[in-house]
Each structure stands twice: as structure tokens, then as C-alpha cells.
$ cat entry.txt   # compact mmCIF, N, CA and C atoms
# COMPACT_ATOMS: atom_id res chain seq x y z
N MET R 1 107.29 120.50 101.50
CA MET R 1 106.52 119.40 100.97
C MET R 1 105.24 119.91 100.31
N GLU R 2 104.66 120.98 100.89
CA GLU R 2 103.45 121.54 100.32
C GLU R 2 103.72 122.09 98.92
N GLU R 3 104.90 122.69 98.73
CA GLU R 3 105.27 123.21 97.42
C GLU R 3 105.36 122.06 96.41
N ASN R 4 105.91 120.92 96.84
CA ASN R 4 106.00 119.75 95.98
C ASN R 4 104.62 119.28 95.56
N CYS R 5 103.66 119.33 96.47
CA CYS R 5 102.28 118.96 96.20
C CYS R 5 101.71 119.83 95.09
N LYS R 6 101.93 121.14 95.17
CA LYS R 6 101.44 122.08 94.16
C LYS R 6 102.10 121.82 92.81
N GLN R 7 103.41 121.57 92.82
CA GLN R 7 104.13 121.33 91.58
C GLN R 7 103.62 120.07 90.89
N ASN R 8 103.35 119.01 91.65
CA ASN R 8 102.83 117.77 91.07
C ASN R 8 101.47 118.00 90.43
N ARG R 9 100.60 118.79 91.09
CA ARG R 9 99.29 119.08 90.54
C ARG R 9 99.41 119.85 89.23
N ILE R 10 100.31 120.84 89.20
CA ILE R 10 100.53 121.64 87.99
C ILE R 10 101.10 120.77 86.89
N GLN R 11 102.05 119.91 87.23
CA GLN R 11 102.66 119.03 86.25
C GLN R 11 101.63 118.08 85.66
N ASN R 12 100.77 117.50 86.48
CA ASN R 12 99.73 116.60 85.99
C ASN R 12 98.79 117.31 85.02
N LYS R 13 98.39 118.55 85.34
CA LYS R 13 97.51 119.30 84.46
C LYS R 13 98.20 119.64 83.15
N THR R 14 99.50 120.00 83.21
CA THR R 14 100.26 120.34 82.02
C THR R 14 100.39 119.12 81.12
N GLU R 15 100.70 117.96 81.71
CA GLU R 15 100.85 116.74 80.92
C GLU R 15 99.55 116.37 80.24
N LYS R 16 98.42 116.57 80.89
CA LYS R 16 97.13 116.22 80.32
C LYS R 16 96.77 117.15 79.17
N SER R 17 97.13 118.44 79.28
CA SER R 17 96.73 119.39 78.26
C SER R 17 97.74 119.50 77.13
N ALA R 18 98.90 118.86 77.23
CA ALA R 18 99.94 118.99 76.22
C ALA R 18 99.45 118.55 74.84
N ASP R 19 98.90 117.37 74.70
CA ASP R 19 98.39 116.87 73.43
C ASP R 19 97.21 115.96 73.71
N PRO R 20 96.01 116.51 73.75
CA PRO R 20 94.85 115.73 74.15
C PRO R 20 94.56 114.55 73.23
N GLY R 21 95.03 114.58 71.98
CA GLY R 21 94.75 113.49 71.05
C GLY R 21 95.78 112.39 71.07
N ALA R 22 96.88 112.60 71.79
CA ALA R 22 97.96 111.61 71.78
C ALA R 22 97.60 110.41 72.63
N ALA R 23 97.93 109.23 72.10
CA ALA R 23 97.71 108.00 72.87
C ALA R 23 98.79 107.87 73.92
N ASP R 24 98.42 107.46 75.10
CA ASP R 24 99.35 107.37 76.21
C ASP R 24 99.02 106.13 77.00
N SER R 25 100.05 105.45 77.52
CA SER R 25 99.81 104.24 78.31
C SER R 25 99.03 104.56 79.58
N ARG R 26 99.06 105.83 80.01
CA ARG R 26 98.32 106.20 81.21
C ARG R 26 96.82 106.24 80.98
N ASP R 27 96.40 106.22 79.71
CA ASP R 27 94.97 106.21 79.40
C ASP R 27 94.40 104.81 79.42
N ALA R 28 95.24 103.81 79.61
CA ALA R 28 94.77 102.43 79.64
C ALA R 28 93.82 102.23 80.80
N PRO R 29 92.71 101.50 80.60
CA PRO R 29 91.76 101.30 81.69
C PRO R 29 92.42 100.60 82.86
N GLY R 30 92.20 101.14 84.04
CA GLY R 30 92.69 100.50 85.25
C GLY R 30 94.14 100.78 85.57
N CYS R 31 94.84 101.49 84.73
CA CYS R 31 96.25 101.79 85.00
C CYS R 31 96.31 102.77 86.17
N ILE R 32 97.20 102.50 87.11
CA ILE R 32 97.28 103.34 88.31
C ILE R 32 97.74 104.76 87.95
N ASP R 33 98.48 104.93 86.86
CA ASP R 33 98.88 106.27 86.43
C ASP R 33 97.68 107.09 85.99
N ARG R 34 96.62 106.42 85.54
CA ARG R 34 95.41 107.12 85.10
C ARG R 34 94.78 107.89 86.25
N ILE R 35 95.00 107.42 87.46
CA ILE R 35 94.46 108.11 88.63
C ILE R 35 95.58 108.85 89.35
N GLY R 36 96.54 109.36 88.59
CA GLY R 36 97.72 110.01 89.14
C GLY R 36 97.43 111.15 90.08
N GLU R 37 96.32 111.89 89.84
CA GLU R 37 96.00 112.99 90.73
C GLU R 37 95.58 112.49 92.11
N SER R 38 95.24 111.21 92.23
CA SER R 38 94.84 110.70 93.53
C SER R 38 95.93 109.84 94.16
N THR R 39 97.17 109.94 93.64
CA THR R 39 98.26 109.24 94.31
C THR R 39 98.52 109.94 95.64
N VAL R 40 98.86 109.17 96.65
CA VAL R 40 98.99 109.69 98.00
C VAL R 40 100.26 109.18 98.65
N ASP R 41 100.66 109.87 99.72
CA ASP R 41 101.74 109.40 100.57
C ASP R 41 101.12 108.49 101.61
N VAL R 42 101.76 107.35 101.88
CA VAL R 42 101.26 106.41 102.87
C VAL R 42 102.40 105.98 103.78
N ILE R 43 102.13 105.97 105.07
CA ILE R 43 103.05 105.37 106.03
C ILE R 43 102.47 104.00 106.35
N CYS R 44 103.30 102.98 106.18
CA CYS R 44 102.82 101.63 106.46
C CYS R 44 103.85 100.87 107.29
N GLN R 45 103.40 99.79 107.85
CA GLN R 45 104.25 98.92 108.66
C GLN R 45 104.36 97.59 107.93
N HIS R 46 105.54 97.00 107.98
CA HIS R 46 105.75 95.67 107.40
C HIS R 46 105.96 94.70 108.56
N SER R 47 105.07 93.71 108.66
CA SER R 47 105.20 92.74 109.74
C SER R 47 106.30 91.73 109.40
N ARG R 48 106.70 90.96 110.37
CA ARG R 48 107.79 90.01 110.12
C ARG R 48 107.37 88.89 109.17
N ASN R 49 106.08 88.67 108.98
CA ASN R 49 105.64 87.65 108.03
C ASN R 49 105.35 88.24 106.64
N GLY R 50 105.74 89.50 106.42
CA GLY R 50 105.63 90.12 105.10
C GLY R 50 104.34 90.88 104.84
N GLU R 51 103.46 90.95 105.80
CA GLU R 51 102.20 91.65 105.64
C GLU R 51 102.43 93.16 105.68
N VAL R 52 101.75 93.89 104.78
CA VAL R 52 101.81 95.35 104.75
C VAL R 52 100.58 95.87 105.48
N ILE R 53 100.81 96.79 106.44
CA ILE R 53 99.73 97.36 107.24
C ILE R 53 99.75 98.87 107.06
N PRO R 54 98.75 99.44 106.37
CA PRO R 54 98.71 100.90 106.21
C PRO R 54 98.34 101.57 107.52
N LEU R 55 99.09 102.62 107.90
CA LEU R 55 98.86 103.31 109.17
C LEU R 55 98.31 104.72 108.99
N ARG R 56 98.91 105.49 108.07
CA ARG R 56 98.51 106.88 107.84
C ARG R 56 98.58 107.18 106.36
N LEU R 57 97.78 108.14 105.93
CA LEU R 57 97.88 108.60 104.55
C LEU R 57 97.83 110.12 104.53
N ARG R 58 98.40 110.68 103.47
CA ARG R 58 98.44 112.14 103.33
C ARG R 58 98.04 112.49 101.90
N VAL R 59 97.07 113.38 101.77
CA VAL R 59 96.56 113.77 100.47
C VAL R 59 96.72 115.27 100.26
N CYS R 60 96.75 115.66 99.02
CA CYS R 60 96.88 117.06 98.63
C CYS R 60 95.52 117.52 98.10
N ASP R 61 94.99 118.61 98.63
CA ASP R 61 93.69 119.09 98.16
C ASP R 61 93.86 120.03 96.96
N GLU R 62 92.75 120.60 96.50
CA GLU R 62 92.76 121.45 95.30
C GLU R 62 93.60 122.71 95.47
N GLU R 63 93.71 123.20 96.71
CA GLU R 63 94.50 124.40 96.96
C GLU R 63 95.97 124.09 97.19
N GLY R 64 96.34 122.84 97.17
CA GLY R 64 97.74 122.46 97.37
C GLY R 64 98.10 122.19 98.82
N GLU R 65 97.12 122.18 99.70
CA GLU R 65 97.39 121.90 101.12
C GLU R 65 97.40 120.40 101.36
N LEU R 66 98.31 119.98 102.24
CA LEU R 66 98.40 118.57 102.60
C LEU R 66 97.56 118.29 103.83
N HIS R 67 96.85 117.16 103.80
CA HIS R 67 96.02 116.73 104.92
C HIS R 67 96.40 115.30 105.26
N ALA R 68 96.67 115.03 106.54
CA ALA R 68 97.06 113.69 106.98
C ALA R 68 95.91 113.06 107.76
N TYR R 69 95.74 111.76 107.54
CA TYR R 69 94.67 111.01 108.20
C TYR R 69 95.25 109.72 108.77
N THR R 70 94.85 109.38 109.98
CA THR R 70 95.24 108.12 110.60
C THR R 70 94.20 107.06 110.26
N ILE R 71 94.66 105.93 109.81
CA ILE R 71 93.76 104.84 109.44
C ILE R 71 93.33 104.14 110.73
N LYS R 72 92.03 104.13 110.99
CA LYS R 72 91.48 103.55 112.21
C LYS R 72 91.22 102.05 112.07
N ALA R 73 90.89 101.60 110.87
CA ALA R 73 90.63 100.18 110.61
C ALA R 73 90.91 99.91 109.14
N TYR R 74 91.30 98.69 108.82
CA TYR R 74 91.53 98.35 107.42
C TYR R 74 91.17 96.89 107.18
N ARG R 75 90.91 96.60 105.92
CA ARG R 75 90.65 95.22 105.50
C ARG R 75 91.47 94.98 104.25
N ASP R 76 92.26 93.93 104.24
CA ASP R 76 93.11 93.59 103.10
C ASP R 76 92.26 92.83 102.09
N LEU R 77 92.11 93.39 100.89
CA LEU R 77 91.32 92.76 99.83
C LEU R 77 92.21 92.13 98.77
N THR R 78 93.48 91.97 99.06
CA THR R 78 94.45 91.42 98.13
C THR R 78 94.27 89.91 98.02
N GLY R 79 94.71 89.36 96.90
CA GLY R 79 94.73 87.91 96.76
C GLY R 79 93.50 87.30 96.15
N ARG R 80 92.71 88.08 95.47
CA ARG R 80 91.50 87.55 94.84
C ARG R 80 91.71 87.29 93.35
N GLY R 81 92.95 87.30 92.89
CA GLY R 81 93.22 87.12 91.46
C GLY R 81 93.03 88.43 90.73
N ALA R 82 93.04 88.38 89.41
CA ALA R 82 92.88 89.58 88.59
C ALA R 82 91.39 89.90 88.45
N TYR R 83 91.04 91.15 88.70
CA TYR R 83 89.65 91.58 88.59
C TYR R 83 89.60 93.10 88.48
N THR R 84 88.45 93.62 88.12
CA THR R 84 88.24 95.06 88.07
C THR R 84 87.40 95.45 89.28
N THR R 85 87.88 96.44 90.03
CA THR R 85 87.17 96.87 91.23
C THR R 85 85.98 97.74 90.86
N GLN R 86 85.17 98.04 91.85
CA GLN R 86 84.02 98.92 91.62
C GLN R 86 84.46 100.33 91.25
N ASP R 87 85.74 100.65 91.50
CA ASP R 87 86.30 101.96 91.13
C ASP R 87 86.79 101.98 89.69
N GLY R 88 86.75 100.84 89.01
CA GLY R 88 87.24 100.77 87.64
C GLY R 88 88.73 100.52 87.55
N ILE R 89 89.37 100.10 88.62
CA ILE R 89 90.80 99.81 88.63
C ILE R 89 90.99 98.32 88.38
N TYR R 90 91.79 97.99 87.39
CA TYR R 90 92.09 96.59 87.09
C TYR R 90 93.21 96.15 88.02
N VAL R 91 92.94 95.23 88.90
CA VAL R 91 93.88 94.76 89.92
C VAL R 91 94.50 93.45 89.46
N THR R 92 95.82 93.37 89.56
CA THR R 92 96.54 92.14 89.21
C THR R 92 97.30 91.65 90.43
N ASP R 93 98.10 90.62 90.24
CA ASP R 93 98.83 90.01 91.35
C ASP R 93 99.88 90.94 91.96
N HIS R 94 100.32 91.96 91.23
CA HIS R 94 101.36 92.85 91.77
C HIS R 94 100.77 94.07 92.48
N MET R 95 99.46 94.04 92.75
CA MET R 95 98.83 95.16 93.46
C MET R 95 98.23 94.69 94.78
N LEU R 96 98.38 95.54 95.79
CA LEU R 96 97.74 95.32 97.08
C LEU R 96 96.53 96.25 97.16
N VAL R 97 95.44 95.76 97.71
CA VAL R 97 94.22 96.56 97.82
C VAL R 97 93.76 96.54 99.27
N PHE R 98 93.50 97.72 99.81
CA PHE R 98 93.03 97.85 101.19
C PHE R 98 91.78 98.71 101.23
N GLU R 99 90.82 98.28 102.02
CA GLU R 99 89.66 99.11 102.32
C GLU R 99 89.91 99.67 103.71
N CYS R 100 89.96 100.99 103.82
CA CYS R 100 90.36 101.63 105.08
C CYS R 100 89.27 102.56 105.59
N ARG R 101 89.24 102.73 106.91
CA ARG R 101 88.33 103.67 107.56
C ARG R 101 89.17 104.80 108.15
N ILE R 102 88.88 106.04 107.73
CA ILE R 102 89.60 107.20 108.23
C ILE R 102 88.61 108.23 108.76
N PRO R 103 89.00 108.98 109.81
CA PRO R 103 88.11 110.03 110.32
C PRO R 103 88.26 111.31 109.47
N VAL R 104 87.14 111.77 108.92
CA VAL R 104 87.11 113.01 108.14
C VAL R 104 86.01 113.89 108.71
N PHE R 105 86.38 115.03 109.26
CA PHE R 105 85.43 115.96 109.89
C PHE R 105 84.56 115.26 110.93
N GLY R 106 85.18 114.42 111.75
CA GLY R 106 84.47 113.79 112.85
C GLY R 106 83.67 112.54 112.50
N ARG R 107 83.66 112.13 111.23
CA ARG R 107 82.93 110.94 110.82
C ARG R 107 83.88 109.95 110.16
N LEU R 108 83.67 108.67 110.38
CA LEU R 108 84.50 107.65 109.74
C LEU R 108 84.05 107.47 108.29
N ARG R 109 85.01 107.53 107.40
CA ARG R 109 84.74 107.39 105.97
C ARG R 109 85.53 106.22 105.43
N THR R 110 84.94 105.45 104.53
CA THR R 110 85.61 104.31 103.93
C THR R 110 86.26 104.74 102.61
N VAL R 111 87.55 104.42 102.47
CA VAL R 111 88.30 104.70 101.25
C VAL R 111 89.06 103.44 100.85
N ARG R 112 89.48 103.37 99.61
CA ARG R 112 90.28 102.24 99.15
C ARG R 112 91.67 102.71 98.74
N LEU R 113 92.67 102.00 99.24
CA LEU R 113 94.06 102.26 98.89
C LEU R 113 94.55 101.16 97.97
N TYR R 114 95.24 101.55 96.91
CA TYR R 114 95.82 100.60 95.97
C TYR R 114 97.33 100.81 95.97
N TYR R 115 98.08 99.74 96.12
CA TYR R 115 99.54 99.85 96.10
C TYR R 115 100.08 99.02 94.95
N ASP R 116 100.73 99.68 94.02
CA ASP R 116 101.38 99.01 92.89
C ASP R 116 102.80 98.67 93.31
N GLN R 117 103.07 97.39 93.53
CA GLN R 117 104.37 96.95 94.03
C GLN R 117 105.48 97.08 92.99
N VAL R 118 105.14 97.15 91.72
CA VAL R 118 106.14 97.30 90.68
C VAL R 118 106.65 98.73 90.61
N ARG R 119 105.73 99.71 90.64
CA ARG R 119 106.12 101.12 90.53
C ARG R 119 106.19 101.83 91.87
N ASN R 120 105.89 101.13 92.97
CA ASN R 120 105.92 101.72 94.31
C ASN R 120 105.05 102.97 94.40
N LEU R 121 103.82 102.86 93.92
CA LEU R 121 102.86 103.96 93.97
C LEU R 121 101.65 103.56 94.79
N TRP R 122 101.19 104.48 95.62
CA TRP R 122 99.93 104.32 96.37
C TRP R 122 98.91 105.22 95.70
N ALA R 123 97.69 104.73 95.54
CA ALA R 123 96.60 105.55 94.99
C ALA R 123 95.39 105.42 95.90
N LEU R 124 94.59 106.46 95.93
CA LEU R 124 93.42 106.52 96.80
C LEU R 124 92.17 106.70 95.96
N ARG R 125 91.13 105.98 96.33
CA ARG R 125 89.79 106.17 95.77
C ARG R 125 88.82 106.25 96.93
N ALA R 126 87.97 107.27 96.94
CA ALA R 126 87.01 107.44 98.02
C ALA R 126 85.66 106.89 97.64
$ encode --input "entry.txt" --output "C-alpha cells"
Amino acid sequence: MEENCKQNRIQNKTEKSADPGAADSRDAPGCIDRIGESTVDVICQHSRNGEVIPLRLRVCDEEGELHAYTIKAYRDLTGRGAYTTQDGIYVTDHMLVFECRIPVFGRLRTVRLYYDQVRNLWALRA
């Protein structure tokens, strides 16, 4: 899995440097592909009433190492209509937004998880 993490990072850099002047749908403001380097693996639970509960996330660092974090608390920010978040992500009805607290080096840190239900992608913003 760590090798896959490295390959994705290399692929993202290659795609960005291929033709810097070319227009791409990933350059659209707020598009989740625009933050492709911050896409993450997430383990979540689905309750019987359809609620999604994020439990753990796994991120790849600059050296290609995977780091897993258990989500200690979360707040569901979904359902506020279409808007642009403080991170510059344009959120629509097909996206779930969570504000999560994770322990990083002994301190709780707040991060935001975005889930695109159409493309099945999770993205992280710290």
C-alpha cells in the first residue's frame, strides 16, 4: 500500500507538469480533484438511518509513508446548501462535510473531511 501511495504522488506531479498551460476541469475552483494530493483513505460506518460516521483516516506524507489517525470527535456540517468553505472548496448537495478532531503528536487537531458521493473520493483539509 505504501508503494501505491508513492506512485499516486508521482503520478499527480507528472500530470501537473505535463502541460502547465492546458485548461483542465481539475483547475476549476472548489473541484475536489484540485486537491487531489490531499485525498485520503477513510474508514467510516453507515448507520441504519443512512448517516455516515467517519472513524479513521490514513494520509500519505511527503516521503510516501502512510499515517493512520483515529477520529476522536466529529461534527457533520452537511446540509447547509451550496456554499464555499473557508478552505475554498465549493460544496454542493452531493458532498458530505465533516469537521473532525484527530490526535497528532499528542495534541488534538481539527481537520475537515470532504466526501464527494458522485466520485467516491474523500479529501482532507487541515
$ atom_distance --input "entry.txt" --atom1 "CA of Leu113 in chain R" --atom2 "CA of Ala68 in chain R"
14.3 Å
$ atom_distance --input "entry.txt" --atom1 "atom C of Val52 in chain R" --atom2 "atom C of Gly106 in chain R"
24.8 Å
$ atom_distance --input "entry.txt" --atom1 "atom N of Val97 in chain R" --atom2 "CA of Tyr114 in chain R"
5.2 Å
$ closest_residue --input "entry.txt" --among "R:Val104, R:Val59, R:Thr78, R:Gly50" --to "Arg125 in chain R" --atoms "only C-alpha atoms"
R:Val59
